[in-house]
Amino acid sequence: RNRLDLRNNPHYKDEVKNLSKVADPREWFFELTKEQSLFYDKVIEQYFGDPDEGGQFKGAIYRPFEYEVEREKIASEKLSEKDNRQFIQQRNLYDFMRRLLVKRFESSFGSFEQSIRNFKRITEKILEFIKKTGKGDYYNGQYILDRALLEKIYVFDLDEIEKYLTEYTEKINNGEYPKNHKRYEISKFNDKEGFIDDINSDLRMFNDILVQLSTLDLVKNDPKTDCLLNNIKKEVQQKPAKGEPKRNIIVFSEYLDTVKYLEPILRKHYGERILVVAGDLPAHKISQINKNFDAAYPEQNYDFDILLSSDKISEGFNLNRAGLVINYDIPWNPVRVIQRVGRIN
């Protein structure tokens, strides 16, 4: 039974009068400068928009099959069942990577910058591998795609996918190939020039984005973090209602990079009153969480006002000494948002 059932049940309604109630969500608005707004539109629509609508991101390394076979064969849907499955899997991988970068951008400029650097490094390493296997000639080189990656995108968290890609790229450059891989010979591609050109096109785009991030100095001039700081300041200054304890605040992000990006910004204002969960959860960190955020824990401490965390603790922890959950970004899966609020409710 949920709480609404209990409140409306004649046998229990008198016993559950003091259950907490979740207030309606509030939106905190922030305003981009004209230059920031133009860059925002460019990233969403031009760089990583739908390829059928002019999006520049080629993602050739995620869909080599489309360069290996004749485009007309794909367009006319004359593929075998096996080839069609390969085409769909690789197109899904490409779309996933394109959307991942958009989600990173919507989360934070710092997270987006880190991802662009990661994707640039991965693309450079793959180009280096192709050149090495072709003995200096890209068109005689080889490319290896990990088939397991096509399945992992549906299982791994977004942070894990990016980490896996980086590690996988390092391994193939060192000659360590995954068991379930497919080896492509670029000399046999129907569009080998297009494959190499599109990889280079993505590299130029990544460099262009990094230059613009630096020119606009978006990591320092970030209106979203300013909005967060201003609103947290108001919440911290509020006095609790009579008879109520002072409530802690939880800031959730979907990405570790965003958590790491926000940590120094918040520490500048709140110092050691912030507890940060970024990555692993050792025993001492779990103890700190329980003592400072779980109202039912036997030993109560008052060391922190703010908890900054990824969704790693959006399940399995009682954080009911907090009274406010801030969603710094909104996951596409709404269940995640419910899980976040559930930690304090």
# chains A, B, ... in the order shown; residues from 1 in each chain; ligands from 1
call {"tool": "residues_around", "arguments": {"residues": "range 140-148 of chain A", "least_positions_apart": "5", "cutoff": "10 Å", "atoms": "only C-alpha atoms", "output": "JSON, numbers by chain"}}
result
{"A": [61, 62, 63, 64, 86, 89, 90, 126, 127, 128, 129, 130, 131, 132, 133, 134, 135, 153, 165, 168, 169, 172, 177, 178, 179, 180, 181, 182, 183, 184, 185, 186, 187, 188, 192]}
call {"tool": "select_by_dssp", "arguments": {"residues": "range 99-294 of chain A", "states": "strand (DSSP E or B)", "output": "short mmCIF file (atom, residue, chain, number, x, y, z; two decimals) with N, CA and C atoms, in the first residue's frame"}}
result
data_model
loop_
_atom_site.label_atom_id
_atom_site.label_comp_id
_atom_site.auth_asym_id
_atom_site.auth_seq_id
_atom_site.Cartn_x
_atom_site.Cartn_y
_atom_site.Cartn_z
N GLN A 142 42.91 -1.25 -40.94
CA GLN A 142 41.82 -2.07 -40.40
C GLN A 142 41.15 -1.32 -39.25
N TYR A 143 39.91 -1.67 -39.03
CA TYR A 143 39.16 -1.08 -37.90
C TYR A 143 38.45 -2.21 -37.17
N ILE A 144 38.46 -2.14 -35.85
CA ILE A 144 37.83 -3.19 -35.04
C ILE A 144 36.70 -2.59 -34.23
N LEU A 145 35.53 -3.18 -34.34
CA LEU A 145 34.37 -2.76 -33.56
C LEU A 145 34.00 -3.88 -32.59
N ASP A 146 33.91 -3.53 -31.33
CA ASP A 146 33.53 -4.51 -30.30
C ASP A 146 32.02 -4.76 -30.38
N HIS A 181 34.65 -9.51 -31.44
CA HIS A 181 34.84 -8.29 -32.22
C HIS A 181 34.67 -8.57 -33.71
N LYS A 182 34.45 -7.50 -34.44
CA LYS A 182 34.38 -7.62 -35.90
C LYS A 182 35.50 -6.77 -36.49
N ARG A 183 36.27 -7.37 -37.36
CA ARG A 183 37.40 -6.69 -37.99
C ARG A 183 36.99 -6.23 -39.38
N TYR A 184 37.14 -4.93 -39.62
CA TYR A 184 36.80 -4.36 -40.92
C TYR A 184 38.08 -4.03 -41.69
N GLU A 185 38.12 -4.43 -42.96
CA GLU A 185 39.24 -4.06 -43.84
C GLU A 185 38.78 -2.87 -44.68
N ASN A 248 18.56 19.29 5.74
CA ASN A 248 19.68 19.29 4.80
C ASN A 248 19.16 19.40 3.37
N ILE A 249 20.10 19.59 2.43
CA ILE A 249 19.78 19.73 1.00
C ILE A 249 20.56 18.68 0.23
N ILE A 250 19.91 18.07 -0.77
CA ILE A 250 20.59 17.10 -1.64
C ILE A 250 20.58 17.62 -3.08
N VAL A 251 21.74 17.62 -3.72
CA VAL A 251 21.86 18.00 -5.13
C VAL A 251 22.23 16.75 -5.91
N PHE A 252 21.35 16.35 -6.83
CA PHE A 252 21.59 15.15 -7.65
C PHE A 252 21.96 15.53 -9.07
N SER A 253 22.91 14.79 -9.63
CA SER A 253 23.20 14.87 -11.07
C SER A 253 23.33 13.45 -11.61
N ILE A 274 29.86 20.41 2.94
CA ILE A 274 29.34 19.64 1.81
C ILE A 274 29.93 18.23 1.85
N LEU A 275 29.05 17.24 1.67
CA LEU A 275 29.49 15.85 1.52
C LEU A 275 29.29 15.48 0.06
N VAL A 276 30.36 14.98 -0.58
CA VAL A 276 30.31 14.67 -2.01
C VAL A 276 30.45 13.17 -2.22
N VAL A 277 29.54 12.62 -3.02
CA VAL A 277 29.62 11.22 -3.42
C VAL A 277 29.88 11.19 -4.92
#
call {"tool": "atom_distance", "arguments": {"atom1": "CA of Ala295 in chain A", "atom2": "CA of Asn318 in chain A"}}
result
7.9 Å
call {"tool": "residues_around", "arguments": {"residues": "range 333-344 of chain A", "least_positions_apart": "4", "cutoff": "10 Å", "atoms": "only C-alpha atoms", "output": "mmCIF file with all heavy atoms, in the first residue's frame"}}
result
data_model
loop_
_atom_site.group_PDB
_atom_site.id
_atom_site.type_symbol
_atom_site.label_atom_id
_atom_site.label_comp_id
_atom_site.auth_asym_id
_atom_site.auth_seq_id
_atom_site.Cartn_x
_atom_site.Cartn_y
_atom_site.Cartn_z
ATOM 1 N N SER A 20 4.910 12.654 5.924
ATOM 2 C CA SER A 20 5.374 13.797 5.138
ATOM 3 C C SER A 20 4.678 13.849 3.783
ATOM 4 O O SER A 20 4.240 12.832 3.256
ATOM 5 C CB SER A 20 6.887 13.702 4.919
ATOM 6 O OG SER A 20 7.194 12.516 4.219
ATOM 7 N N VAL A 22 4.987 15.444 -0.215
ATOM 8 C CA VAL A 22 5.911 16.018 -1.193
ATOM 9 C C VAL A 22 5.270 17.232 -1.835
ATOM 10 O O VAL A 22 4.160 17.146 -2.376
ATOM 11 C CB VAL A 22 6.270 14.982 -2.286
ATOM 12 C CG1 VAL A 22 7.224 15.600 -3.299
ATOM 13 C CG2 VAL A 22 6.905 13.758 -1.659
ATOM 14 N N ASN A 248 18.562 19.288 5.738
ATOM 15 C CA ASN A 248 19.682 19.290 4.795
ATOM 16 C C ASN A 248 19.164 19.404 3.368
ATOM 17 O O ASN A 248 17.971 19.282 3.104
ATOM 18 C CB ASN A 248 20.503 18.008 4.947
ATOM 19 C CG ASN A 248 21.199 17.929 6.298
ATOM 20 O OD1 ASN A 248 21.484 18.949 6.904
ATOM 21 N ND2 ASN A 248 21.462 16.722 6.754
ATOM 22 N N ILE A 249 20.095 19.594 2.433
ATOM 23 C CA ILE A 249 19.779 19.732 1.005
ATOM 24 C C ILE A 249 20.557 18.678 0.229
ATOM 25 O O ILE A 249 21.735 18.422 0.525
ATOM 26 C CB ILE A 249 20.153 21.147 0.493
ATOM 27 C CG1 ILE A 249 19.269 22.201 1.171
ATOM 28 C CG2 ILE A 249 20.029 21.243 -1.032
ATOM 29 C CD1 ILE A 249 19.726 23.622 0.917
ATOM 30 N N ILE A 250 19.912 18.074 -0.773
ATOM 31 C CA ILE A 250 20.592 17.104 -1.641
ATOM 32 C C ILE A 250 20.581 17.625 -3.076
ATOM 33 O O ILE A 250 19.529 18.030 -3.586
ATOM 34 C CB ILE A 250 19.912 15.728 -1.598
ATOM 35 C CG1 ILE A 250 19.844 15.205 -0.165
ATOM 36 C CG2 ILE A 250 20.679 14.733 -2.474
ATOM 37 C CD1 ILE A 250 19.035 13.939 -0.014
ATOM 38 N N VAL A 251 21.741 17.622 -3.719
ATOM 39 C CA VAL A 251 21.858 17.999 -5.130
ATOM 40 C C VAL A 251 22.227 16.748 -5.912
ATOM 41 O O VAL A 251 23.284 16.150 -5.674
ATOM 42 C CB VAL A 251 22.933 19.089 -5.346
ATOM 43 C CG1 VAL A 251 22.975 19.498 -6.823
ATOM 44 C CG2 VAL A 251 22.674 20.298 -4.461
ATOM 45 N N PHE A 252 21.353 16.345 -6.828
ATOM 46 C CA PHE A 252 21.586 15.153 -7.646
ATOM 47 C C PHE A 252 21.963 15.528 -9.073
ATOM 48 O O PHE A 252 21.399 16.461 -9.651
ATOM 49 C CB PHE A 252 20.320 14.289 -7.723
ATOM 50 C CG PHE A 252 20.147 13.323 -6.587
ATOM 51 C CD1 PHE A 252 19.054 13.416 -5.740
ATOM 52 C CD2 PHE A 252 21.072 12.303 -6.369
ATOM 53 C CE1 PHE A 252 18.876 12.525 -4.695
ATOM 54 C CE2 PHE A 252 20.906 11.400 -5.324
ATOM 55 C CZ PHE A 252 19.798 11.516 -4.486
ATOM 56 N N GLU A 254 23.036 13.305 -12.883
ATOM 57 C CA GLU A 254 23.136 11.998 -13.520
ATOM 58 C C GLU A 254 24.590 11.599 -13.782
ATOM 59 O O GLU A 254 24.893 10.436 -13.979
ATOM 60 C CB GLU A 254 22.357 12.038 -14.843
ATOM 61 C CG GLU A 254 21.994 10.689 -15.399
ATOM 62 C CD GLU A 254 21.052 10.777 -16.591
ATOM 63 O OE1 GLU A 254 20.711 11.902 -17.016
ATOM 64 O OE2 GLU A 254 20.672 9.717 -17.097
ATOM 65 N N PHE A 293 22.406 11.990 7.406
ATOM 66 C CA PHE A 293 21.218 12.148 6.554
ATOM 67 C C PHE A 293 20.090 11.166 6.857
ATOM 68 O O PHE A 293 18.983 11.348 6.368
ATOM 69 C CB PHE A 293 21.623 12.048 5.073
ATOM 70 C CG PHE A 293 22.428 13.224 4.609
ATOM 71 C CD1 PHE A 293 23.810 13.230 4.727
ATOM 72 C CD2 PHE A 293 21.807 14.347 4.071
ATOM 73 C CE1 PHE A 293 24.561 14.325 4.322
ATOM 74 C CE2 PHE A 293 22.540 15.448 3.662
ATOM 75 C CZ PHE A 293 23.923 15.438 3.792
ATOM 76 N N ASP A 294 20.346 10.135 7.637
ATOM 77 C CA ASP A 294 19.308 9.164 7.974
ATOM 78 C C ASP A 294 18.795 9.451 9.386
ATOM 79 O O ASP A 294 19.497 9.252 10.377
ATOM 80 C CB ASP A 294 19.881 7.739 7.897
ATOM 81 C CG ASP A 294 18.825 6.667 8.166
ATOM 82 O OD1 ASP A 294 17.685 7.026 8.534
ATOM 83 O OD2 ASP A 294 19.141 5.474 7.996
ATOM 84 N N ALA A 295 17.542 9.913 9.478
ATOM 85 C CA ALA A 295 16.967 10.311 10.774
ATOM 86 C C ALA A 295 16.808 9.140 11.738
ATOM 87 O O ALA A 295 16.701 9.336 12.948
ATOM 88 C CB ALA A 295 15.607 10.979 10.545
ATOM 89 N N SER A 310 25.855 11.718 -7.414
ATOM 90 C CA SER A 310 25.275 11.147 -8.624
ATOM 91 C C SER A 310 24.119 10.247 -8.198
ATOM 92 O O SER A 310 23.825 10.112 -7.007
ATOM 93 C CB SER A 310 26.324 10.315 -9.375
ATOM 94 O OG SER A 310 26.642 9.157 -8.618
ATOM 95 N N ASP A 311 23.480 9.597 -9.164
ATOM 96 C CA ASP A 311 22.354 8.715 -8.853
ATOM 97 C C ASP A 311 22.788 7.433 -8.141
ATOM 98 O O ASP A 311 21.968 6.556 -7.897
ATOM 99 C CB ASP A 311 21.595 8.353 -10.137
ATOM 100 C CG ASP A 311 20.738 9.510 -10.617
ATOM 101 O OD1 ASP A 311 19.991 10.050 -9.794
ATOM 102 O OD2 ASP A 311 20.821 9.869 -11.802
ATOM 103 N N ILE A 313 23.393 7.017 -5.163
ATOM 104 C CA ILE A 313 22.674 6.852 -3.898
ATOM 105 C C ILE A 313 21.199 7.253 -4.027
ATOM 106 O O ILE A 313 20.566 7.612 -3.045
ATOM 107 C CB ILE A 313 23.340 7.623 -2.744
ATOM 108 C CG1 ILE A 313 23.399 9.118 -3.034
ATOM 109 C CG2 ILE A 313 24.707 7.075 -2.430
ATOM 110 C CD1 ILE A 313 23.778 9.923 -1.808
ATOM 111 N N SER A 314 20.682 7.202 -5.260
ATOM 112 C CA SER A 314 19.251 7.494 -5.420
ATOM 113 C C SER A 314 18.409 6.288 -5.049
ATOM 114 O O SER A 314 17.193 6.340 -5.057
ATOM 115 C CB SER A 314 18.944 7.945 -6.858
ATOM 116 O OG SER A 314 19.138 6.883 -7.769
ATOM 117 N N GLU A 315 19.064 5.161 -4.732
ATOM 118 C CA GLU A 315 18.360 3.971 -4.260
ATOM 119 C C GLU A 315 19.108 3.403 -3.053
ATOM 120 O O GLU A 315 20.326 3.485 -2.976
ATOM 121 C CB GLU A 315 18.332 2.889 -5.345
ATOM 122 C CG GLU A 315 17.479 3.194 -6.541
ATOM 123 C CD GLU A 315 17.473 2.026 -7.524
ATOM 124 O OE1 GLU A 315 16.708 1.083 -7.312
ATOM 125 O OE2 GLU A 315 18.262 2.068 -8.483
ATOM 126 N N GLY A 316 18.351 2.835 -2.126
ATOM 127 C CA GLY A 316 18.974 2.066 -1.052
ATOM 128 C C GLY A 316 19.456 2.854 0.145
ATOM 129 O O GLY A 316 19.984 2.272 1.097
ATOM 130 N N PHE A 317 19.324 4.178 0.140
ATOM 131 C CA PHE A 317 19.728 4.985 1.289
ATOM 132 C C PHE A 317 18.529 5.770 1.810
ATOM 133 O O PHE A 317 17.698 6.237 1.032
ATOM 134 C CB PHE A 317 20.830 5.979 0.893
ATOM 135 C CG PHE A 317 22.191 5.362 0.757
ATOM 136 C CD1 PHE A 317 22.596 4.809 -0.443
ATOM 137 C CD2 PHE A 317 23.074 5.338 1.827
ATOM 138 C CE1 PHE A 317 23.841 4.235 -0.585
ATOM 139 C CE2 PHE A 317 24.327 4.762 1.697
ATOM 140 C CZ PHE A 317 24.715 4.209 0.493
ATOM 141 N N ASN A 318 18.465 5.918 3.132
ATOM 142 C CA ASN A 318 17.468 6.805 3.729
ATOM 143 C C ASN A 318 18.135 8.147 3.999
ATOM 144 O O ASN A 318 19.084 8.226 4.786
ATOM 145 C CB ASN A 318 16.935 6.214 5.040
ATOM 146 C CG ASN A 318 16.062 5.000 4.794
ATOM 147 O OD1 ASN A 318 15.265 4.991 3.863
ATOM 148 N ND2 ASN A 318 16.221 3.973 5.614
ATOM 149 N N LEU A 319 17.654 9.173 3.339
ATOM 150 C CA LEU A 319 18.252 10.503 3.463
ATOM 151 C C LEU A 319 17.210 11.486 3.992
ATOM 152 O O LEU A 319 17.156 12.648 3.594
ATOM 153 C CB LEU A 319 18.783 10.971 2.101
ATOM 154 C CG LEU A 319 19.692 9.976 1.364
ATOM 155 C CD1 LEU A 319 20.008 10.467 -0.042
ATOM 156 C CD2 LEU A 319 20.989 9.732 2.140
ATOM 157 N N ASN A 320 16.360 10.995 4.910
ATOM 158 C CA ASN A 320 15.179 11.775 5.290
ATOM 159 C C ASN A 320 15.441 12.915 6.267
ATOM 160 O O ASN A 320 14.504 13.559 6.728
ATOM 161 C CB ASN A 320 14.076 10.853 5.822
ATOM 162 C CG ASN A 320 14.592 9.862 6.847
ATOM 163 O OD1 ASN A 320 15.718 9.973 7.300
ATOM 164 N ND2 ASN A 320 13.769 8.895 7.192
ATOM 165 N N ARG A 321 16.709 13.179 6.604
ATOM 166 C CA ARG A 321 17.001 14.421 7.333
ATOM 167 C C ARG A 321 17.078 15.593 6.369
ATOM 168 O O ARG A 321 17.181 16.748 6.791
ATOM 169 C CB ARG A 321 18.312 14.282 8.111
ATOM 170 C CG ARG A 321 18.090 13.725 9.531
ATOM 171 C CD ARG A 321 19.375 13.547 10.275
ATOM 172 N NE ARG A 321 20.154 14.766 10.392
ATOM 173 C CZ ARG A 321 21.386 14.819 10.903
ATOM 174 N NH1 ARG A 321 21.946 13.699 11.361
ATOM 175 N NH2 ARG A 321 22.041 15.945 10.983
ATOM 176 N N ALA A 322 17.033 15.302 5.083
ATOM 177 C CA ALA A 322 16.991 16.372 4.079
ATOM 178 C C ALA A 322 15.538 16.736 3.784
ATOM 179 O O ALA A 322 14.642 15.911 3.917
ATOM 180 C CB ALA A 322 17.692 15.928 2.797
ATOM 181 N N GLY A 323 15.318 17.972 3.399
ATOM 182 C CA GLY A 323 13.963 18.416 3.088
ATOM 183 C C GLY A 323 13.814 18.923 1.674
ATOM 184 O O GLY A 323 12.738 19.345 1.265
ATOM 185 N N LEU A 324 14.921 18.897 0.911
ATOM 186 C CA LEU A 324 14.883 19.431 -0.446
ATOM 187 C C LEU A 324 15.795 18.613 -1.353
ATOM 188 O O LEU A 324 16.958 18.370 -1.012
ATOM 189 C CB LEU A 324 15.343 20.897 -0.450
ATOM 190 C CG LEU A 324 15.478 21.588 -1.812
ATOM 191 C CD1 LEU A 324 14.119 21.762 -2.463
ATOM 192 C CD2 LEU A 324 16.165 22.939 -1.670
ATOM 193 N N VAL A 325 15.264 18.180 -2.476
ATOM 194 C CA VAL A 325 16.056 17.519 -3.510
ATOM 195 C C VAL A 325 16.154 18.455 -4.705
ATOM 196 O O VAL A 325 15.134 18.931 -5.215
ATOM 197 C CB VAL A 325 15.411 16.189 -3.948
ATOM 198 C CG1 VAL A 325 16.032 15.698 -5.251
ATOM 199 C CG2 VAL A 325 15.584 15.124 -2.885
ATOM 200 N N ILE A 326 17.369 18.732 -5.132
ATOM 201 C CA ILE A 326 17.593 19.570 -6.316
ATOM 202 C C ILE A 326 18.045 18.663 -7.456
ATOM 203 O O ILE A 326 19.062 17.979 -7.347
ATOM 204 C CB ILE A 326 18.666 20.647 -6.046
ATOM 205 C CG1 ILE A 326 18.216 21.575 -4.907
ATOM 206 C CG2 ILE A 326 18.952 21.458 -7.315
ATOM 207 C CD1 ILE A 326 19.316 22.516 -4.421
ATOM 208 N N ASN A 327 17.297 18.661 -8.543
ATOM 209 C CA ASN A 327 17.672 17.906 -9.747
ATOM 210 C C ASN A 327 18.476 18.837 -10.648
ATOM 211 O O ASN A 327 17.896 19.649 -11.376
ATOM 212 C CB ASN A 327 16.419 17.418 -10.485
ATOM 213 C CG ASN A 327 15.610 16.440 -9.654
ATOM 214 O OD1 ASN A 327 16.068 15.366 -9.322
ATOM 215 N ND2 ASN A 327 14.393 16.837 -9.304
ATOM 216 N N ASP A 329 20.138 18.049 -13.173
ATOM 217 C CA ASP A 329 19.727 17.664 -14.530
ATOM 218 C C ASP A 329 18.585 16.668 -14.385
ATOM 219 O O ASP A 329 18.404 16.071 -13.332
ATOM 220 C CB ASP A 329 20.895 17.071 -15.339
ATOM 221 C CG ASP A 329 21.733 16.082 -14.524
ATOM 222 O OD1 ASP A 329 21.138 15.247 -13.821
ATOM 223 O OD2 ASP A 329 22.971 16.137 -14.607
#
call {"tool": "residues_around", "arguments": {"residues": "Ile196 in chain A", "least_positions_apart": "6", "cutoff": "9 Å", "atoms": "only C-alpha atoms", "output": "number ranges by chain"}}
result
A: 60, 127, 138-139
call {"tool": "residues_around", "arguments": {"residues": "Arg7 in chain A", "least_positions_apart": "6", "cutoff": "10 Å", "atoms": "only C-alpha atoms", "output": "list of chain:residue names"}}
result
A:Lys13, A:Asp14, A:Glu15, A:Val16, A:Lys17, A:Leu19
call {"tool": "write_last_selection", "arguments": {"atoms": "all heavy atoms", "output": "short mmCIF file (atom, residue, chain, number, x, y, z; two decimals), in the first residue's frame"}}
result
data_model
loop_
_atom_site.label_atom_id
_atom_site.label_comp_id
_atom_site.auth_asym_id
_atom_site.auth_seq_id
_atom_site.Cartn_x
_atom_site.Cartn_y
_atom_site.Cartn_z
N LYS A 13 -6.39 5.82 8.70
CA LYS A 13 -6.24 7.27 8.45
C LYS A 13 -5.91 8.07 9.71
O LYS A 13 -5.22 9.09 9.64
CB LYS A 13 -7.48 7.83 7.76
CG LYS A 13 -8.76 7.79 8.58
CD LYS A 13 -9.90 8.38 7.76
CE LYS A 13 -11.20 8.39 8.59
NZ LYS A 13 -12.30 8.96 7.79
N ASP A 14 -6.37 7.61 10.88
CA ASP A 14 -6.05 8.34 12.11
C ASP A 14 -4.61 8.11 12.56
O ASP A 14 -4.08 8.86 13.38
CB ASP A 14 -7.01 7.92 13.23
CG ASP A 14 -8.43 8.40 12.96
OD1 ASP A 14 -8.57 9.41 12.24
OD2 ASP A 14 -9.39 7.77 13.44
N GLU A 15 -3.99 7.04 12.07
CA GLU A 15 -2.63 6.70 12.50
C GLU A 15 -1.56 7.34 11.61
O GLU A 15 -0.39 7.34 11.97
CB GLU A 15 -2.44 5.19 12.47
CG GLU A 15 -3.34 4.43 13.43
CD GLU A 15 -3.11 2.92 13.35
OE1 GLU A 15 -1.96 2.53 13.09
OE2 GLU A 15 -4.08 2.16 13.51
N VAL A 16 -1.96 7.86 10.46
CA VAL A 16 -0.96 8.34 9.50
C VAL A 16 -1.08 9.84 9.23
O VAL A 16 -0.74 10.32 8.17
CB VAL A 16 -1.05 7.55 8.17
CG1 VAL A 16 -0.65 6.12 8.38
CG2 VAL A 16 -2.44 7.65 7.55
N LYS A 17 -1.55 10.57 10.21
CA LYS A 17 -1.76 12.01 10.02
C LYS A 17 -0.44 12.77 9.83
O LYS A 17 -0.41 13.82 9.23
CB LYS A 17 -2.52 12.58 11.22
CG LYS A 17 -3.99 12.18 11.25
CD LYS A 17 -4.69 12.76 12.46
CE LYS A 17 -6.17 12.37 12.47
NZ LYS A 17 -6.85 12.84 13.68
N LEU A 19 2.37 11.80 8.31
CA LEU A 19 3.26 11.41 7.20
C LEU A 19 3.66 12.65 6.40
O LEU A 19 2.86 13.56 6.19
CB LEU A 19 2.55 10.41 6.27
CG LEU A 19 2.37 8.99 6.80
CD1 LEU A 19 1.59 8.17 5.80
CD2 LEU A 19 3.72 8.33 7.06
#
call {"tool": "residues_around", "arguments": {"residues": "Asp226 in chain A", "least_positions_apart": "5", "cutoff": "10 Å", "atoms": "only C-alpha atoms", "output": "list of chain:residue names"}}
result
A:Phe30, A:Lys220, A:Asn221, A:Asn231, A:Ile232, A:Ile265
call {"tool": "closest_residue", "arguments": {"among": "A:Gln56, A:Gln238, A:Thr258, A:Gln212", "to": "Phe112 in chain A", "atoms": "only C-alpha atoms"}}
result
A:Thr258
call {"tool": "select_by_dssp", "arguments": {"residues": "range 53-100 of chain A", "states": "alpha helix (DSSP H)", "output": "ChimeraX atom specification"}}
result
/A:65-68,71-75,81-100
call {"tool": "atom_distance", "arguments": {"atom1": "CA of Asp157 in chain A", "atom2": "CA of Leu100 in chain A"}}
result
10.6 Å
call {"tool": "closest_residue", "arguments": {"among": "A:Glu53, A:Asn18, A:Ala241, A:Leu216", "to": "Leu38 in chain A", "atoms": "only C-alpha atoms"}}
result
A:Leu216
call {"tool": "atom_distance", "arguments": {"atom1": "CA of Phe195 in chain A", "atom2": "CA of Phe57 in chain A"}}
result
12.8 Å
call {"tool": "closest_residue", "arguments": {"among": "A:Tyr67, A:Phe189, A:Phe96, A:Phe105", "to": "Lys224 in chain A", "atoms": "only C-alpha atoms"}}
result
A:Phe105
